[in-house]
>>> print(open('model_2.cif').read())   # mmCIF, C-alpha atoms
data_run
#
loop_
_atom_site.label_atom_id
_atom_site.label_comp_id
_atom_site.auth_asym_id
_atom_site.auth_seq_id
_atom_site.Cartn_x
_atom_site.Cartn_y
_atom_site.Cartn_z
CA MET E 1 53.89 0.30 68.34
CA LYS E 2 50.26 -0.61 68.82
CA ARG E 3 48.08 -0.98 65.70
CA PRO E 4 44.68 0.79 65.66
CA ALA E 5 41.76 -1.55 66.28
CA ARG E 6 39.80 -2.48 63.20
CA GLN E 7 35.98 -2.31 63.37
CA ALA E 8 34.46 -5.76 63.22
CA GLY E 9 32.40 -6.48 60.14
CA SER E 10 33.48 -3.39 58.20
CA GLY E 11 34.83 -5.52 55.35
CA LEU E 12 31.52 -7.35 54.99
CA ILE E 13 29.59 -4.08 54.88
CA GLU E 14 31.86 -2.75 52.14
CA VAL E 15 31.31 -5.90 50.11
CA MET E 16 27.53 -5.66 50.51
CA VAL E 17 27.55 -1.99 49.49
CA ALA E 18 29.66 -2.82 46.43
CA ILE E 19 27.27 -5.65 45.48
CA THR E 20 24.25 -3.36 45.88
CA ILE E 21 25.83 -0.68 43.71
CA GLY E 22 26.76 -3.31 41.13
CA LEU E 23 23.23 -4.70 41.03
CA PHE E 24 21.81 -1.19 40.68
CA LEU E 25 24.12 -0.40 37.78
CA LEU E 26 23.31 -3.75 36.16
CA SER E 27 19.56 -3.10 36.44
CA MET E 28 20.03 0.34 34.89
CA LEU E 29 21.97 -1.19 32.00
CA ILE E 30 19.19 -3.76 31.46
CA ILE E 31 16.56 -1.01 31.44
CA ILE E 32 18.57 1.07 28.97
CA PHE E 33 19.19 -1.94 26.73
CA SER E 34 15.51 -2.97 26.81
CA SER E 35 14.39 0.58 26.07
CA THR E 36 16.82 0.86 23.16
CA GLU E 37 15.70 -2.49 21.74
CA LEU E 38 12.02 -1.50 22.08
CA THR E 39 12.64 1.84 20.37
CA GLU E 40 14.52 0.10 17.56
CA ASN E 41 11.70 -2.43 17.07
CA ASN E 42 9.12 0.37 16.99
CA GLU E 43 11.17 2.35 14.48
CA ASN E 44 11.63 -0.72 12.28
CA GLY E 45 7.91 -1.46 12.37
CA LEU E 46 7.02 2.13 11.52
CA ALA E 47 9.59 2.22 8.70
CA GLN E 48 8.15 -1.00 7.23
CA LEU E 49 4.62 0.43 7.39
CA GLN E 50 5.69 3.62 5.63
CA ASP E 51 7.58 1.64 2.99
CA ASN E 52 4.51 -0.52 2.32
CA GLN E 53 2.34 2.59 2.03
CA ARG E 54 4.74 4.20 -0.44
CA THR E 55 5.02 1.07 -2.57
CA ALA E 56 1.26 0.54 -2.75
CA MET E 57 0.59 4.18 -3.59
CA THR E 58 3.29 4.31 -6.27
CA ILE E 59 2.10 1.19 -8.10
CA ILE E 60 -1.61 2.02 -7.93
CA ASN E 61 -0.98 5.62 -9.04
CA SER E 62 1.05 4.50 -12.04
CA ILE E 63 -1.55 2.01 -13.24
CA VAL E 64 -4.63 4.18 -12.64
CA GLN E 65 -3.04 7.14 -14.42
CA SER E 66 -2.46 4.88 -17.45
CA ALA E 67 -6.14 3.84 -17.61
CA GLY E 68 -7.55 4.26 -21.11
CA TYR E 69 -4.18 4.82 -22.75
CA TYR E 70 -3.65 3.50 -26.26
CA PRO E 71 -0.77 4.21 -28.66
CA SER E 72 -2.47 5.79 -31.71
CA PRO E 73 -5.33 8.13 -30.76
CA GLN E 74 -4.90 10.03 -34.05
CA SER E 75 -5.80 7.00 -36.15
CA GLN E 76 -7.82 4.84 -33.75
CA THR E 77 -10.79 5.26 -31.43
CA ALA E 78 -10.83 4.14 -27.81
CA ALA E 79 -13.54 1.60 -28.65
CA ALA E 80 -11.32 0.06 -31.33
CA ALA E 81 -8.17 0.06 -29.20
CA LEU E 82 -10.00 -1.24 -26.12
CA PRO E 83 -12.80 -3.48 -27.44
CA ALA E 84 -15.53 -5.00 -25.26
CA ALA E 85 -14.09 -7.83 -23.17
CA GLY E 86 -15.03 -9.38 -19.85
CA VAL E 87 -16.35 -6.72 -17.47
CA PHE E 88 -15.38 -3.90 -19.85
CA ALA E 89 -17.59 -2.28 -22.48
CA ALA E 90 -15.88 -1.03 -25.64
CA GLY E 91 -13.69 1.95 -24.78
CA GLN E 92 -14.12 1.44 -21.04
CA SER E 93 -10.87 1.40 -19.07
CA ILE E 94 -11.82 1.15 -15.40
CA ALA E 95 -14.10 -1.19 -13.47
CA GLY E 96 -14.34 -2.90 -10.12
CA THR E 97 -16.40 -4.79 -7.59
CA ALA E 98 -17.69 -3.62 -4.21
CA GLY E 99 -16.50 -5.54 -1.16
CA PRO E 100 -15.15 -5.26 1.37
CA PRO E 101 -12.53 -5.62 0.16
CA ASP E 102 -13.18 -3.97 -3.20
CA THR E 103 -11.36 -4.88 -6.38
CA LEU E 104 -10.07 -2.46 -9.00
CA SER E 105 -9.55 -3.33 -12.67
CA ILE E 106 -7.62 -1.02 -14.99
CA ARG E 107 -6.87 -1.59 -18.64
CA PHE E 108 -4.80 0.14 -21.27
CA ALA E 109 -3.13 -0.72 -24.57
CA THR E 110 0.59 -0.65 -25.26
CA ALA E 111 2.83 -0.65 -28.31
CA PRO E 112 5.92 -2.86 -28.56
CA ASN E 113 8.74 -1.59 -26.33
CA ASP E 114 6.94 1.67 -25.50
CA GLY E 115 7.99 1.53 -21.84
CA VAL E 116 4.45 1.34 -20.44
CA LEU E 117 4.46 -1.26 -17.65
CA ASN E 118 1.67 -3.35 -16.18
CA CYS E 119 1.19 -3.76 -12.42
CA ASN E 120 3.66 -6.65 -12.29
CA GLY E 121 6.38 -4.47 -13.76
CA ASN E 122 6.40 -6.02 -17.24
CA GLY E 123 6.17 -4.22 -20.56
CA ASN E 124 5.21 -5.17 -24.09
CA SER E 125 8.22 -6.92 -25.59
CA GLY E 126 6.27 -8.46 -28.47
CA SER E 127 5.77 -7.29 -32.04
CA ALA E 128 2.13 -6.13 -31.79
CA ASN E 129 0.03 -3.90 -29.59
CA GLN E 130 -1.02 -5.49 -26.31
CA VAL E 131 -3.95 -4.71 -24.00
CA TYR E 132 -3.24 -5.17 -20.30
CA VAL E 133 -5.98 -5.69 -17.72
CA ASN E 134 -4.59 -5.05 -14.24
CA LEU E 135 -6.70 -6.40 -11.36
CA PHE E 136 -5.91 -5.17 -7.83
CA ALA E 137 -7.28 -7.19 -4.91
CA ILE E 138 -6.62 -8.20 -1.30
CA ASN E 139 -5.99 -11.87 -0.52
CA SER E 140 -6.74 -13.79 2.68
CA GLY E 141 -3.19 -13.18 3.92
CA ASN E 142 -3.67 -9.39 4.12
CA GLN E 143 -1.62 -8.77 0.99
CA LEU E 144 -2.24 -6.36 -1.86
CA THR E 145 -2.04 -8.36 -5.08
CA CYS E 146 -2.32 -7.72 -8.78
CA SER E 147 -2.97 -10.06 -11.68
CA VAL E 148 -2.52 -9.25 -15.36
CA ASN E 149 -4.88 -10.52 -18.06
CA GLY E 150 -6.33 -13.18 -15.77
CA GLY E 151 -2.97 -14.62 -14.76
CA SER E 152 -1.80 -15.58 -11.30
CA ALA E 153 -2.05 -12.85 -8.67
CA GLN E 154 1.34 -11.49 -7.65
CA VAL E 155 1.89 -10.06 -4.17
CA LEU E 156 2.77 -6.37 -4.27
CA VAL E 157 2.66 -5.35 -0.62
CA ASP E 158 2.22 -7.15 2.71
CA GLY E 159 0.11 -5.89 5.58
CA VAL E 160 -2.94 -4.58 3.67
CA SER E 161 -6.27 -5.77 5.06
CA ASN E 162 -8.71 -3.80 2.91
CA ILE E 163 -9.04 -1.64 -0.20
CA SER E 164 -11.96 0.69 -0.83
CA VAL E 165 -12.45 2.45 -4.16
CA LEU E 166 -14.72 5.37 -5.08
CA TYR E 167 -15.11 6.53 -8.67
CA GLY E 168 -15.33 10.23 -9.45
CA VAL E 169 -17.88 10.82 -12.22
CA ASP E 170 -18.55 13.79 -14.45
CA GLY E 171 -22.34 13.56 -14.46
CA SER E 172 -23.01 16.93 -16.06
CA GLY E 173 -20.52 16.75 -18.92
CA ASN E 174 -18.66 19.90 -17.87
CA GLY E 175 -15.35 18.15 -17.32
CA SER E 176 -15.53 18.24 -13.51
CA VAL E 177 -16.21 15.48 -11.02
CA ASN E 178 -19.51 16.08 -9.24
CA HIS E 179 -20.21 12.72 -7.62
CA TYR E 180 -18.35 9.71 -6.22
CA TYR E 181 -19.78 6.19 -6.46
CA ASN E 182 -18.66 2.80 -5.26
CA ALA E 183 -18.52 0.02 -7.83
CA ALA E 184 -22.05 -1.18 -7.08
CA GLY E 185 -23.58 2.26 -7.61
CA LEU E 186 -21.52 3.35 -10.63
CA PRO E 187 -23.94 4.25 -13.46
CA ALA E 188 -23.50 2.30 -16.70
CA GLY E 189 -21.52 4.27 -19.25
CA ALA E 190 -20.43 6.89 -16.70
CA THR E 191 -17.30 8.90 -17.46
CA VAL E 192 -14.88 8.22 -14.61
CA ARG E 193 -12.40 11.05 -14.23
CA SER E 194 -10.79 10.22 -10.91
CA VAL E 195 -10.47 7.45 -8.35
CA ARG E 196 -10.31 7.76 -4.57
CA VAL E 197 -8.43 4.83 -3.06
CA THR E 198 -8.42 3.97 0.64
CA LEU E 199 -6.10 1.27 1.95
CA THR E 200 -6.36 -0.20 5.43
CA MET E 201 -2.90 -1.20 6.61
CA VAL E 202 -2.16 -3.63 9.43
CA ASN E 203 -0.45 -1.67 12.21
CA PRO E 204 2.84 -3.44 13.14
CA LEU E 205 2.70 -1.67 16.53
CA ALA E 206 -0.83 -2.85 17.31
CA ALA E 207 0.34 -4.85 20.33
CA LYS E 208 1.62 -1.68 22.02
CA PRO E 209 -0.64 0.14 24.51
CA GLY E 210 -2.82 2.77 22.87
CA GLN E 211 -2.03 1.67 19.31
CA PRO E 212 -4.89 0.97 16.84
CA ALA E 213 -5.11 -2.37 15.06
CA SER E 214 -4.94 -0.70 11.65
CA VAL E 215 -4.03 2.53 9.88
CA THR E 216 -5.88 3.94 6.88
CA MET E 217 -4.54 6.05 4.04
CA SER E 218 -6.62 7.71 1.31
CA TRP E 219 -5.66 9.63 -1.79
CA LEU E 220 -7.14 10.86 -5.05
CA ILE E 221 -5.86 9.88 -8.50
CA GLY E 222 -6.83 11.66 -11.70
CA LEU E 223 -7.19 9.57 -14.84
CA MET E 224 -4.72 11.18 -17.24
CA ASN E 225 -6.65 10.11 -20.32
CA GLN E 226 -9.90 11.60 -19.02
CA LEU E 227 -8.62 15.04 -17.95
#
>>> encode(input="model_2.cif", output="structure tokens")
Amino acid sequence: MKRPARQAGSGLIEVMVAITIGLFLLSMLIIIFSSTELTENNENGLAQLQDNQRTAMTIINSIVQSAGYYPSPQSQTAAAALPAAGVFAAGQSIAGTAGPPDTLSIRFATAPNDGVLNCNGNGNSGSANQVYVNLFAINSGNQLTCSVNGGSAQVLVDGVSNISVLYGVDGSGNGSVNHYYNAAGLPAGATVRSVRVTLTMVNPLAAKPGQPASVTMSWLIGLMNQL
């Protein structure tokens, strides 16, 4: 019985087709893997940015809302609890300097073990009342820092390139804010009732097409002891 003739070169063509299909599938896998890795990196960068924003906002809110607090308002005046010291007049609880970047100084008094924490997360564990001066600033490494009572600045959050602070003042004495000043324009003896903080955050996705170099966030904080 005679075998059917086999077409010359058909085996080579099949091999080449198989190789082509294999290369195509491999390239698709590489594209999918690269896309997945890029998406994951973007999501991680965005998550880190959001986490830094939350941390900065939480700490600054807590400290600013404590401005002017002292343990015994029934038996003591603000001027006695918070005497004149450094940049603060007697009874004054908030101050700052105009930059950029600005600085923000907040002070309050605490009683032993009363649970009121300074910006470094420490409370008064002593046996007498303690005044804390909390100084927020931005260092040369784009980090939000805070120092307490003139001590070493501790890093709170990475990726912050600027802080801008405006002070809401009750200029008419009616209990409402009617003007915002920066630190340089703040009138002496003004009653500050709120603070508007703007942070400029380094954008971790800045290298991507169409992404800005930085992202800003602004919010308003009422001073609890001035409301």
>>> atom_distance(input="model_2.cif", atom1="atom CA of E:Ala80", atom2="atom CA of E:Gly189")
16.4 Å
>>> residues_around(input="model_2.cif", residues="E:Ser152", least_positions_apart="6", cutoff="12 Å", atoms="all atoms listed in the file", output="PyMOL selection string")
chain E and resi 120+134-137+145-146
>>> resolve_selection(input="model_2.cif", expression="the PyMOL selection byres ((chain E and resi 69-73) around 10)", output="list of chain:residue names")
E:Gln65, E:Ser66, E:Ala67, E:Gly68, E:Gln74, E:Ser75, E:Gln76, E:Thr77, E:Ala78, E:Ala80, E:Ala81, E:Leu82, E:Ser93, E:Arg107, E:Phe108, E:Ala109, E:Thr110, E:Ala111, E:Pro112, E:Asp114, E:Val116, E:Asn129, E:Gln130, E:Val131, E:Leu223, E:Met224, E:Asn225, E:Gln226
>>> atom_distance(input="model_2.cif", atom1="atom CA of E:Pro101", atom2="atom CA of E:Val165")
9.2 Å
>>> residues_around(input="model_2.cif", residues="stretch 177-180 of chain E", least_positions_apart="5", cutoff="9 Å", atoms="all atoms listed in the file", output="JSON, numbers by chain")
{"E": [166, 167, 168, 169, 170, 171, 172, 186, 192, 193, 194, 195, 196]}
>>> resolve_selection(input="model_2.cif", expression="the PyMOL selection byres ((chain E and resi 158) around 8)", output="PDB file with C-alpha atoms, keeping the file's coordinate frame")
ATOM      1  CA  ASN E  52       4.510  -0.520   2.320  1.00  0.00           C
ATOM      2  CA  ASN E 142      -3.670  -9.390   4.120  1.00  0.00           C
ATOM      3  CA  GLN E 143      -1.620  -8.770   0.990  1.00  0.00           C
ATOM      4  CA  LEU E 144      -2.240  -6.360  -1.860  1.00  0.00           C
ATOM      5  CA  VAL E 155       1.890 -10.060  -4.170  1.00  0.00           C
ATOM      6  CA  LEU E 156       2.770  -6.370  -4.270  1.00  0.00           C
ATOM      7  CA  VAL E 157       2.660  -5.350  -0.620  1.00  0.00           C
ATOM      8  CA  GLY E 159       0.110  -5.890   5.580  1.00  0.00           C
ATOM      9  CA  VAL E 160      -2.940  -4.580   3.670  1.00  0.00           C
TER      10      VAL E 160
END
>>> atom_distance(input="model_2.cif", atom1="atom CA of E:Pro187", atom2="atom CA of E:Gly96")
12.4 Å
>>> build_atoms(input="model_2.cif", residues="stretch 171-193 of chain E", atoms="N, CA and C atoms", output="mmCIF file, in the coordinates of the input")
data_model
loop_
_atom_site.group_PDB
_atom_site.id
_atom_site.type_symbol
_atom_site.label_atom_id
_atom_site.label_comp_id
_atom_site.auth_asym_id
_atom_site.auth_seq_id
_atom_site.Cartn_x
_atom_site.Cartn_y
_atom_site.Cartn_z
ATOM 1 N N GLY E 171 -20.955 13.836 -14.105
ATOM 2 C CA GLY E 171 -22.340 13.560 -14.460
ATOM 3 C C GLY E 171 -22.997 14.630 -15.293
ATOM 4 N N SER E 172 -22.394 15.822 -15.336
ATOM 5 C CA SER E 172 -23.010 16.930 -16.060
ATOM 6 C C SER E 172 -22.331 17.230 -17.386
ATOM 7 N N GLY E 173 -21.216 16.554 -17.649
ATOM 8 C CA GLY E 173 -20.520 16.750 -18.920
ATOM 9 C C GLY E 173 -19.718 18.030 -19.001
ATOM 10 N N ASN E 174 -19.423 18.643 -17.852
ATOM 11 C CA ASN E 174 -18.660 19.900 -17.870
ATOM 12 C C ASN E 174 -17.179 19.701 -17.591
ATOM 13 N N GLY E 175 -16.765 18.438 -17.529
ATOM 14 C CA GLY E 175 -15.350 18.150 -17.320
ATOM 15 C C GLY E 175 -14.928 18.074 -15.876
ATOM 16 N N SER E 176 -15.860 18.267 -14.934
ATOM 17 C CA SER E 176 -15.530 18.240 -13.510
ATOM 18 C C SER E 176 -16.251 17.093 -12.812
ATOM 19 N N VAL E 177 -15.599 16.543 -11.816
ATOM 20 C CA VAL E 177 -16.210 15.480 -11.020
ATOM 21 C C VAL E 177 -17.259 16.089 -10.095
ATOM 22 N N ASN E 178 -18.469 15.558 -10.124
ATOM 23 C CA ASN E 178 -19.510 16.080 -9.240
ATOM 24 C C ASN E 178 -20.158 15.005 -8.371
ATOM 25 N N HIS E 179 -19.672 13.766 -8.486
ATOM 26 C CA HIS E 179 -20.210 12.720 -7.620
ATOM 27 C C HIS E 179 -19.227 11.550 -7.568
ATOM 28 N N TYR E 180 -19.165 10.917 -6.381
ATOM 29 C CA TYR E 180 -18.350 9.710 -6.220
ATOM 30 C C TYR E 180 -19.247 8.522 -5.916
ATOM 31 N N TYR E 181 -18.995 7.420 -6.620
ATOM 32 C CA TYR E 181 -19.780 6.190 -6.460
ATOM 33 C C TYR E 181 -18.843 5.042 -6.096
ATOM 34 N N ASN E 182 -19.383 4.068 -5.358
ATOM 35 C CA ASN E 182 -18.660 2.800 -5.260
ATOM 36 C C ASN E 182 -18.981 1.973 -6.488
ATOM 37 N N ALA E 183 -18.359 0.815 -6.609
ATOM 38 C CA ALA E 183 -18.520 0.020 -7.830
ATOM 39 C C ALA E 183 -19.968 -0.414 -8.041
ATOM 40 N N ALA E 184 -20.675 -0.716 -6.950
ATOM 41 C CA ALA E 184 -22.050 -1.180 -7.080
ATOM 42 C C ALA E 184 -22.992 -0.089 -7.563
ATOM 43 N N GLY E 185 -22.689 1.166 -7.231
ATOM 44 C CA GLY E 185 -23.580 2.260 -7.610
ATOM 45 C C GLY E 185 -23.146 3.021 -8.841
ATOM 46 N N LEU E 186 -22.044 2.625 -9.464
ATOM 47 C CA LEU E 186 -21.520 3.350 -10.630
ATOM 48 C C LEU E 186 -22.481 3.224 -11.809
ATOM 49 N N PRO E 187 -23.005 4.335 -12.337
ATOM 50 C CA PRO E 187 -23.940 4.250 -13.460
ATOM 51 C C PRO E 187 -23.273 3.664 -14.708
ATOM 52 N N ALA E 188 -24.027 2.884 -15.451
ATOM 53 C CA ALA E 188 -23.500 2.300 -16.700
ATOM 54 C C ALA E 188 -23.131 3.412 -17.666
ATOM 55 N N GLY E 189 -21.964 3.292 -18.265
ATOM 56 C CA GLY E 189 -21.520 4.270 -19.250
ATOM 57 C C GLY E 189 -21.016 5.570 -18.658
ATOM 58 N N ALA E 190 -20.887 5.649 -17.342
ATOM 59 C CA ALA E 190 -20.430 6.890 -16.700
ATOM 60 C C ALA E 190 -18.978 7.185 -17.069
ATOM 61 N N THR E 191 -18.670 8.475 -17.188
ATOM 62 C CA THR E 191 -17.300 8.900 -17.460
ATOM 63 C C THR E 191 -16.560 9.077 -16.136
ATOM 64 N N VAL E 192 -15.661 8.156 -15.849
ATOM 65 C CA VAL E 192 -14.880 8.220 -14.610
ATOM 66 C C VAL E 192 -13.646 9.080 -14.860
ATOM 67 N N ARG E 193 -13.519 10.139 -14.053
ATOM 68 C CA ARG E 193 -12.400 11.050 -14.230
ATOM 69 C C ARG E 193 -11.359 10.961 -13.110
#
